[in-house]
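Asks: Quick one: the structure is below, and I'll ask about it shortly.
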Amino acid sequence: MEYVTAVPHPRTEAAESGRPAKSGRRSLGIALLLGAAGAAVALLASRQEWCSGVASVAGGDLPLTARGSDVTGVPAALAVVGLAALVAVFAVRKAGRLLVSALLALSGAGAVAAAVLGADDSSALDEKAAQASGDAAATIDTLSHTAWPYVAAGGGALILIAGILAVIYGAAWPSMGGRYERSGAPRPRKQKAVDPDRPEDLWKALDRGEDPTGA
């Protein structure tokens, strides 16, 4: 008759320790991919045309366009900050890593907010119209906007997700030079060979705290 027990079988130590390491590597790869892609998308979108319109000048109608960098430089600047924070995550540990991860997430959130707010902004075109006509009160007619501001917002969202992953899983990620560290325990010193026929070697071994009689 087969013995049945309600007590679960104990899991092996290797399985328990391997699961956090595996999830840490997976989250690290995803965060790096999202952070780098988000910064690239936000920078690319900031260089594209965000809005266009027509200004009335003395010689007739003058078509004008404004790029994302003309409307607001915040998404591009925060994309650079986020990219730097993504790299800096691996240079710090513990509380410092948590702070840098939070900065990464805030950079993404700020880029999203700035891009969405700039999607309907026409101040950059109005300024160009005033310069072209010489009239400070000149405005733009037939104003139109493109989808690039929302593309920049999408890039900021990717940076935000990377920051959230860093906040949650960053403690399990490796740091610079971490591959050379196997554990926190001090490495044992190699004992020098002791010649039993030389009394001075025996005394030196005792001074070092070694057992001169050991193998």
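Residue numbers start at 1 in each chain; chains themselves are named A, B, ... in the order of the structure tokens; ligands are numbered from 1 in the order shown.
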What's around segment 142-155 of chain A at 7 Å? Count only C-alpha atoms, leave out sequence neighbours fewer than 4 positions away in its own chain, and write the answer as a list of chain:residue names.
Replies: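 After dropping sequence-adjacent residues, the list is A:Gly38, A:Ala39, A:Val41, A:Ala42, A:Ala45, A:Ser46, A:Gln48, A:Trp50, A:Cys51, A:Ser52, A:Gly53, A:Val54, A:Ala111, A:Val112, A:Ala115, A:Val116, A:Gly118, A:Ala119, A:Ile159.
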Asks: Just N, CA, C and O atoms for this one: save the residues we selected as an mmCIF file, in the first residue's frame.
Replies:
data_model
loop_
_atom_site.group_PDB
_atom_site.id
_atom_site.type_symbol
_atom_site.label_atom_id
_atom_site.label_comp_id
_atom_site.auth_asym_id
_atom_site.auth_seq_id
_atom_site.Cartn_x
_atom_site.Cartn_y
_atom_site.Cartn_z
ATOM 1 N N GLY A 38 13.780 52.948 -25.332
ATOM 2 C CA GLY A 38 12.991 54.130 -25.000
ATOM 3 C C GLY A 38 13.769 55.419 -25.185
ATOM 4 O O GLY A 38 13.239 56.412 -25.714
ATOM 5 N N ALA A 39 15.034 55.430 -24.772
ATOM 6 C CA ALA A 39 15.851 56.628 -24.951
ATOM 7 C C ALA A 39 16.058 56.926 -26.431
ATOM 8 O O ALA A 39 15.987 58.087 -26.856
ATOM 9 N N VAL A 41 14.102 56.072 -28.961
ATOM 10 C CA VAL A 41 12.836 56.517 -29.551
ATOM 11 C C VAL A 41 12.534 57.961 -29.164
ATOM 12 O O VAL A 41 12.123 58.779 -30.013
ATOM 13 N N ALA A 42 12.732 58.311 -27.897
ATOM 14 C CA ALA A 42 12.453 59.677 -27.452
ATOM 15 C C ALA A 42 13.370 60.683 -28.142
ATOM 16 O O ALA A 42 12.925 61.774 -28.540
ATOM 17 N N ALA A 45 12.248 60.923 -31.875
ATOM 18 C CA ALA A 45 10.981 61.637 -32.032
ATOM 19 C C ALA A 45 11.143 63.135 -31.778
ATOM 20 O O ALA A 45 10.421 63.951 -32.374
ATOM 21 N N SER A 46 12.077 63.515 -30.916
ATOM 22 C CA SER A 46 12.271 64.935 -30.611
ATOM 23 C C SER A 46 12.859 65.700 -31.789
ATOM 24 O O SER A 46 12.773 66.932 -31.825
ATOM 25 N N GLN A 48 11.884 65.163 -34.921
ATOM 26 C CA GLN A 48 10.915 65.131 -36.021
ATOM 27 C C GLN A 48 9.949 66.322 -35.921
ATOM 28 O O GLN A 48 9.915 67.040 -34.928
ATOM 29 N N TRP A 50 6.707 68.148 -35.225
ATOM 30 C CA TRP A 50 5.588 67.962 -34.299
ATOM 31 C C TRP A 50 4.344 68.732 -34.739
ATOM 32 O O TRP A 50 3.220 68.280 -34.494
ATOM 33 N N CYS A 51 4.525 69.886 -35.343
ATOM 34 C CA CYS A 51 3.369 70.689 -35.751
ATOM 35 C C CYS A 51 3.747 71.572 -36.936
ATOM 36 O O CYS A 51 4.927 71.813 -37.199
ATOM 37 N N SER A 52 2.740 72.042 -37.629
ATOM 38 C CA SER A 52 2.936 72.918 -38.794
ATOM 39 C C SER A 52 1.752 73.851 -38.918
ATOM 40 O O SER A 52 0.676 73.615 -38.338
ATOM 41 N N GLY A 53 1.944 74.919 -39.674
ATOM 42 C CA GLY A 53 0.874 75.901 -39.867
ATOM 43 C C GLY A 53 1.275 76.930 -40.907
ATOM 44 O O GLY A 53 2.354 76.839 -41.509
ATOM 45 N N VAL A 54 0.432 77.890 -41.091
ATOM 46 C CA VAL A 54 0.651 78.936 -42.089
ATOM 47 C C VAL A 54 0.551 80.281 -41.393
ATOM 48 O O VAL A 54 -0.416 80.552 -40.671
ATOM 49 N N ALA A 111 9.475 62.477 -19.149
ATOM 50 C CA ALA A 111 9.476 62.529 -20.611
ATOM 51 C C ALA A 111 8.075 62.313 -21.173
ATOM 52 O O ALA A 111 7.672 62.971 -22.135
ATOM 53 N N VAL A 112 7.332 61.394 -20.571
ATOM 54 C CA VAL A 112 5.947 61.161 -21.011
ATOM 55 C C VAL A 112 5.104 62.418 -20.822
ATOM 56 O O VAL A 112 4.384 62.847 -21.735
ATOM 57 N N ALA A 115 6.111 65.279 -23.274
ATOM 58 C CA ALA A 115 5.718 65.026 -24.658
ATOM 59 C C ALA A 115 4.215 65.193 -24.851
ATOM 60 O O ALA A 115 3.762 65.771 -25.849
ATOM 61 N N VAL A 116 3.427 64.712 -23.902
ATOM 62 C CA VAL A 116 1.968 64.843 -24.020
ATOM 63 C C VAL A 116 1.552 66.308 -23.934
ATOM 64 O O VAL A 116 0.675 66.768 -24.695
ATOM 65 N N GLY A 118 3.321 68.824 -24.826
ATOM 66 C CA GLY A 118 3.772 69.530 -26.025
ATOM 67 C C GLY A 118 3.050 69.132 -27.288
ATOM 68 O O GLY A 118 3.275 69.729 -28.345
ATOM 69 N N ALA A 119 2.184 68.122 -27.205
ATOM 70 C CA ALA A 119 1.493 67.651 -28.408
ATOM 71 C C ALA A 119 0.574 68.713 -29.003
ATOM 72 O O ALA A 119 0.398 68.767 -30.227
ATOM 73 N N ILE A 159 11.159 53.904 -20.845
ATOM 74 C CA ILE A 159 12.142 54.239 -19.810
ATOM 75 C C ILE A 159 11.523 54.098 -18.427
ATOM 76 O O ILE A 159 12.163 53.620 -17.481
#
Asks: Nearest residue to Gly29 of chain A out of A:Ala130, A:Gly156, A:Tyr169, A:Pro75, using only C-alpha atoms?
Replies: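 Looking at the shortest contact to Gly29 of chain A, the residue is A:Tyr169.
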Asks: Just the number, please: distance in Å from atom CA of Val57 of chain A to atom CA of Gly73 of chain A, one decimal.
Replies: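 So the answer is 27.9 Å.
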Asks: Nearest to Ala77 of chain A: which of A:Leu32, A:Ala172, A:Ala157, A:Ala114 is it, counting only C-alpha atoms?
Replies: A:Ala114
Asks: Might you pull out every residue within 12 Å of Gly96 of chain A, with only C-alpha atoms counted and same-chain residues fewer than 3 positions away left off, and present them as JSON, numbers by chain?
Replies: {"A": [85, 88, 89, 90, 91, 92, 93, 99, 100, 101, 102, 103, 166, 167, 170, 171, 175]}
Asks: Taking only C-alpha atoms into account, name the residue in A:Ile168, A:Ala132, A:Ala37, A:Ala162 that is nearest to Ser56 of chain A.
Replies: A:Ala132
Asks: As a PyMOL selection string, please: every residue in segment 64-195 of chain A that a backbone DSSP assignment puts in strand (DSSP E).
Replies: chain A and resi 64-67+140-145
Asks: Would you list, as an NGL selection string, the residues of segment 26-103 of chain A that end up in helix (DSSP H, G or I) under DSSP run on this structure's backbone?
Replies: :A and (26-46 or 68-71 or 74-91 or 94-103)
Asks: I'd like the neighbourhood of segment 120-125 of chain A as number ranges by chain, where a residue qualifies if any of its atoms comes within 7 Å (using only C-alpha atoms), though same-chain residues fewer than 5 positions away should be ignored.
Replies: A: 64-66, 70-71, 140
Asks: Measuring between only C-alpha atoms, which one of A:Leu28, A:Leu165, A:Ala95, A:Leu104 shows the shortest distance to Ala79 of chain A?
Replies: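 Among the listed residues, A:Leu104 lies closest to Ala79 of chain A.
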Asks: Between atom CA of Asp126 of chain A and atom CA of Leu43 of chain A, what is the distance, to one decimal in Å?
Replies: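 A separation of 23.8 Å between them.
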